[in-house]
Amino acid sequence: MSFRWKQAEAPVRAAERGDPVSQRFSDQLIAVLPRLRRFARGLTGSATEADDLVQAACERALAREHQFQEGTRFDSWMFRIVQTLWIDQLRAREVRKEDGDVAEERLGSDSAVRTIEARLALAEVRRAVQLLPPDQRTTLMLVTVEGLSYKEAAEVAGVPVGTIMSRLARARIALQQHLETGGGSRRSLNNAEAQ
Amino acid sequence: MQKRSDDTLVAYLDGELDGAERQHVEAWLAADGAARDRLAGLAQSASLVRSAYADIVNEPIPERLIAAARGETAPQREAEILVLKRPGRPIVTMPAGRWGIGIAAAAGLFGLVLGGAGSYLATGGLNSANPAAEQRLAAAAAHSTWLDNAAGYYKLVVSAGDSMLIDVPAGGDTGEALQKISQNLPQQVRLPDLKPWGLNFRGARLVVVEGRPAAQLVYVTDNKAIGPLTLVIGASKQPDIQPTFDRRQDVNMLFWRHHGRAYALVGQTDIGYLWGIANDVAWQLDAI
């Protein structure tokens, strides 16, 4: 059962405005939405921000539909758009500073909250991912979660394959170290993986 | 490429090495126990990362994203959601004080609980010849009563305001406090962090929903358009259901069941926010 909220106004189809949208293109877009949301969630660490990002990516993709090359991977093309928009947002908001604040906020400002959250095994993994630098986070999500090859991830990120390899290794090692120093949460992490 | 490095181990795990490189790494692993341990740790962390994000692809897709993908000019989220008006002021004005507030709130609560109980009694009085149908009706009535109770307790919190009676106040060792309240519950209660939504944990209350103890977590905010919100967590033997919207008077609720627990996120904020917060709560708590 899924929940749908009421629309304030019936949206106007682009086709009705004399701007027809390729049905096939839209179908591809809708099919990849779940993975785009997951990728965006990994980048932003927030459900709302992730959906805002995906919505913006959809709008940009439709505006640049002609730039998509048939025969190439549609999901990779969309990942690239999401990543580009996210980086734009990071730069616009000077999130190097803001990101640190948010990460600390999400980890909880008092030790009691942090103690409780440490028990949330997989939530802790997601928080650890949020502590990675943006380029490592992106690479980790593309390769480890979305299953892209190094070459495909390199094309999405616009960097050489060697860079993907080193970013990924740094990300995985940093993540492992963070999880290992989780102390009491270690057992619950093992349990979470076993489930 | 450096042959004996973490880069190589990670690439080996990801199946990104060619034949000769792979053989080289396998020979290295065969001779080096520390490298094998390293590899196992890296494999485990990769597996955890995949698990941590696995469920997101199964979530319902928000309407606005489908509209955007179809090239429809979907209005922004604020316009897209159903905005509900908050009550201007409490219906009953009583002198400040716990008893006065308690009486006013209890009156509202009584109405909601009575409504649920009435439907339950009505169901019992049907005396259906079809036991399965009767069972379904009873389950529906119980579900309704559960939501009535959750809404009633929410109204109690709103009516009480700062005078709200809290069994376990926030601050200090919240972990220990939650353990204390969990002693009266079938399962340990964990605390979702809703600070990214601007919601601060105010405290927890032990409540009785459908005759069984449950925890009511109370979150407050200065933003009157969002809070206060409560999250009721109780035990359930019913099958899992996805978040479902329901409403009692001016109170909005998202209710779901997962792995023997029933959850109700209750508030007077608009549905879009409630839905986003419910996703966040489910994301944090379902990971257990």
# chains A, B, ... in the order shown; residues from 1 in each chain; ligands from 1
>>> residues_around(residues="region 153-161 of chain A", least_positions_apart="3", cutoff="7 Å", atoms="only C-alpha atoms", output="JSON, numbers by chain")
{"A": [76, 77, 79, 80, 139, 142, 143, 148, 149, 150, 164, 165]}
>>> residues_around(residues="Phe68 (chain A)", least_positions_apart="6", cutoff="12 Å", atoms="only C-alpha atoms", output="ChimeraX atom specification")
/A:25,28,60-62,74-78,80-81
>>> closest_residue(among="A:Ala40, A:Ala174, A:Ala47, A:Ala92", to="chain B", atoms="only C-alpha atoms")
A:Ala47
>>> closest_residue(among="B:Thr269, B:Ser51, B:Asn149, B:Gln23", to="chain A", atoms="only C-alpha atoms")
B:Ser51
>>> residues_around(residues="region 128-133 of chain A", least_positions_apart="4", cutoff="7 Å", atoms="only C-alpha atoms", output="PDB file with C-alpha atoms, in the first residue's frame")
ATOM      1  CA  GLY A  45      22.312  12.119   3.726  1.00  0.00           C
ATOM      2  CA  ALA A 103      27.297  16.007  10.039  1.00  0.00           C
ATOM      3  CA  GLU A 124      25.726   4.184  11.665  1.00  0.00           C
ATOM      4  CA  ARG A 137      31.266   9.416  -1.156  1.00  0.00           C
ATOM      5  CA  ALA A 171      36.741   5.588   1.082  1.00  0.00           C
ATOM      6  CA  LEU A 175      34.771   3.581   6.381  1.00  0.00           C
ATOM      7  CA  HIS A 178      35.274   4.362  11.362  1.00  0.00           C
TER       8      HIS A 178
END
>>> closest_residue(among="B:Gln187, B:Ser236, B:Ser159, B:Thr244", to="chain A", atoms="only C-alpha atoms")
B:Thr244
>>> atom_distance(atom1="CA of Pro243 (chain B)", atom2="CA of Ile30 (chain A)")
21.6 Å
>>> closest_residue(among="B:Gln242, B:Ser144, B:Gln268, B:Gln179", to="chain A", atoms="only C-alpha atoms")
B:Gln242
>>> atom_distance(atom1="CA of Glu146 (chain A)", atom2="CA of Trp28 (chain B)")
29.0 Å
>>> closest_residue(among="A:Leu36, A:Val145, A:Val125, A:Ile173", to="Ala50 (chain A)", atoms="only C-alpha atoms")
A:Leu36
>>> residues_around(residues="Thr44 (chain A)", least_positions_apart="4", cutoff="12 Å", atoms="only C-alpha atoms", output="VMD selection string")
(chain A and resid 36 to 40 48 to 54 82 to 83 85 to 87 89 to 90 95 99 102 to 103 106 126 to 127 129 to 134 137 to 138 141) or (chain B and resid 196)
